[in-house]
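These notes concern the structure reproduced below.
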Amino acid sequence: MEKLQYKTTIKAPAAKVFDIMLGLGNKSTYEQWTALFNPTSTYEGTWDKGSKILFVGVDEKGEKGGMVSKIAEHVPNQFVSIQHYGLVKADQEITEGPEVEKWANGFENYSFEENNGTTTVTVNLDTTEDFIDYMNESYPKALEKLKEICEKH
């Protein structure tokens with residue numbers, strides 16, 4: 001697993017950035033910034049600690065695909081840790097086998113640090129080598145979109 005980190009600074013309080021990033025008050029705010037990864041990106045489940053959550057989108061064939069995950073930690077307005085442990089492929093959840101094993105138990109962590117009404121969002125994530133270029137291209141754009149949404153609301 002490769003470890004990647006992305007950061008952005010947003011002129012908004014941490015509570016607001018946290019709510020918008022996770023789509024807590026309105027799921028569409030999550031869908032807007034994650035559309036940079038997949039235009040149909042959404043989640044199914046809750047952000048509560050210990051809960052299962054699916055990060056999914058629809059592919060070119062109209063099939064639902066994505067990640068099966070659980071919320072490992074949730075500290076409101078400060079930190080969320082997502083543990084990925086499976087795939088959604090053609091509407092089926094797959095939690096074992098060679099496709100899953102190469103990145104199973106990878107984490108995606110969001111940290112929120114507020115200073116004088118400005119919040120620094122830090123994303124630390126584990127990924128496989130074949131996704132590094134995709135993440136390095138997509139994540140900065142997605143965080144730029146998040147910043148834009150947070151600062152205009």
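Chains: A, B, ... in order of the structure tokens. Residues: from 1 per chain. Ligands: from 1, in order shown.
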
Checklist line | Which of range 1-152 of chain A fall in strand (DSSP E or B), as number ranges by chain | finding: A: 2-10, 42-45, 52-58, 64-75, 79-89, 92-94, 106-115, 118-127

Next item on the list: Find, counting only C-alpha atoms, the residue in A:Ile10, A:Leu125, A:Ile53, A:Leu36 that gets nearest to Leu22 in chain A.
Entry: A:Ile53

Checklist line | Exercise: range 73-83 of chain A partners within 10 Å, only C-alpha atoms, chain neighbours under 3 positions left out, as a ChimeraX atom specification | finding: /A:13-19,22,47-53,67-70,86,104-114,121-126

Can you spit out the residues from that selection as a PDB file, in the first residue's frame, using C-alpha atoms?
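Output contents, as saved in part_20.pdb:
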ATOM      1  CA  PRO A  13     -15.321  26.998  10.349  1.00  0.00           C
ATOM      2  CA  ALA A  14     -14.478  23.314  10.856  1.00  0.00           C
ATOM      3  CA  ALA A  15     -18.071  22.418  11.784  1.00  0.00           C
ATOM      4  CA  LYS A  16     -19.310  23.745   8.441  1.00  0.00           C
ATOM      5  CA  VAL A  17     -16.543  22.079   6.398  1.00  0.00           C
ATOM      6  CA  PHE A  18     -17.112  18.770   8.247  1.00  0.00           C
ATOM      7  CA  ASP A  19     -20.860  18.900   7.568  1.00  0.00           C
ATOM      8  CA  LEU A  22     -19.530  14.382   4.710  1.00  0.00           C
ATOM      9  CA  TRP A  47     -20.881   8.150   9.260  1.00  0.00           C
ATOM     10  CA  ASP A  48     -21.384   6.807  12.810  1.00  0.00           C
ATOM     11  CA  LYS A  49     -18.370   5.102  14.397  1.00  0.00           C
ATOM     12  CA  GLY A  50     -18.490   1.356  13.738  1.00  0.00           C
ATOM     13  CA  SER A  51     -21.120   1.586  11.016  1.00  0.00           C
ATOM     14  CA  LYS A  52     -20.881   0.076   7.544  1.00  0.00           C
ATOM     15  CA  ILE A  53     -20.897   2.540   4.672  1.00  0.00           C
ATOM     16  CA  MET A  67     -16.063   0.395  -1.877  1.00  0.00           C
ATOM     17  CA  VAL A  68     -17.399  -1.475   1.144  1.00  0.00           C
ATOM     18  CA  SER A  69     -16.139   0.332   4.229  1.00  0.00           C
ATOM     19  CA  LYS A  70     -16.670   0.959   7.896  1.00  0.00           C
ATOM     20  CA  GLY A  86     -14.379  -4.711   0.258  1.00  0.00           C
ATOM     21  CA  ALA A 104      -8.080  -4.513   2.071  1.00  0.00           C
ATOM     22  CA  ASN A 105      -7.826  -2.663   5.368  1.00  0.00           C
ATOM     23  CA  GLY A 106      -6.617   0.478   3.671  1.00  0.00           C
ATOM     24  CA  PHE A 107      -7.650   3.660   5.444  1.00  0.00           C
ATOM     25  CA  GLU A 108      -8.864   7.053   4.275  1.00  0.00           C
ATOM     26  CA  ASN A 109      -8.612   9.634   7.054  1.00  0.00           C
ATOM     27  CA  TYR A 110      -9.988  13.172   7.089  1.00  0.00           C
ATOM     28  CA  SER A 111      -8.622  15.653   9.655  1.00  0.00           C
ATOM     29  CA  PHE A 112     -10.096  19.109  10.237  1.00  0.00           C
ATOM     30  CA  GLU A 113      -8.050  21.780  11.997  1.00  0.00           C
ATOM     31  CA  GLU A 114      -9.587  25.211  12.544  1.00  0.00           C
ATOM     32  CA  VAL A 121      -8.532  19.690   5.736  1.00  0.00           C
ATOM     33  CA  THR A 122      -5.910  16.950   5.531  1.00  0.00           C
ATOM     34  CA  VAL A 123      -6.678  13.698   3.739  1.00  0.00           C
ATOM     35  CA  ASN A 124      -4.376  10.731   4.365  1.00  0.00           C
ATOM     36  CA  LEU A 125      -5.124   7.611   2.387  1.00  0.00           C
ATOM     37  CA  ASP A 126      -3.763   4.210   1.523  1.00  0.00           C
TER      38      ASP A 126
END

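Nearest to Val88 in chain A of all the residues A:Glu148, A:Trp103, A:Tyr139, A:Phe55 is A:Phe55, counting only C-alpha atoms.
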
Next item on the list: From the DSSP assignment of the backbone, select every residue of range 69-147 of chain A that is alpha helix (DSSP H), and format the answer as JSON, numbers by chain.
Entry: {"A": [98, 99, 100, 101, 132, 133, 134, 135, 136, 137, 138, 139, 140, 141, 142, 143, 144, 145, 146, 147]}

Next item on the list: Return the single residue from A:Thr40, A:Thr128, A:Thr34, A:Thr29 that is closest to Lys141 in chain A, with distances computed using only C-alpha atoms.
Entry: A:Thr34

Margin query: So that I can check the surroundings of Met135 in chain A, please list as a list in words every protein, DNA and RNA residue that reaches within 10 Å of it, counting only C-alpha atoms and ignoring chain neighbours fewer than 4 positions away.
Written below: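 The contact residues come out as Leu4, Gln5, Tyr6, Phe37, Leu125, Thr127, Asp130, Phe131, Tyr139, Pro140, Lys141 and Ala142 of chain A.
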
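Take the candidates A:Lys27, A:His84, A:Lys11, A:Lys89 and check each one against Lys102 in chain A using only C-alpha atoms; the shortest distance goes to A:His84.
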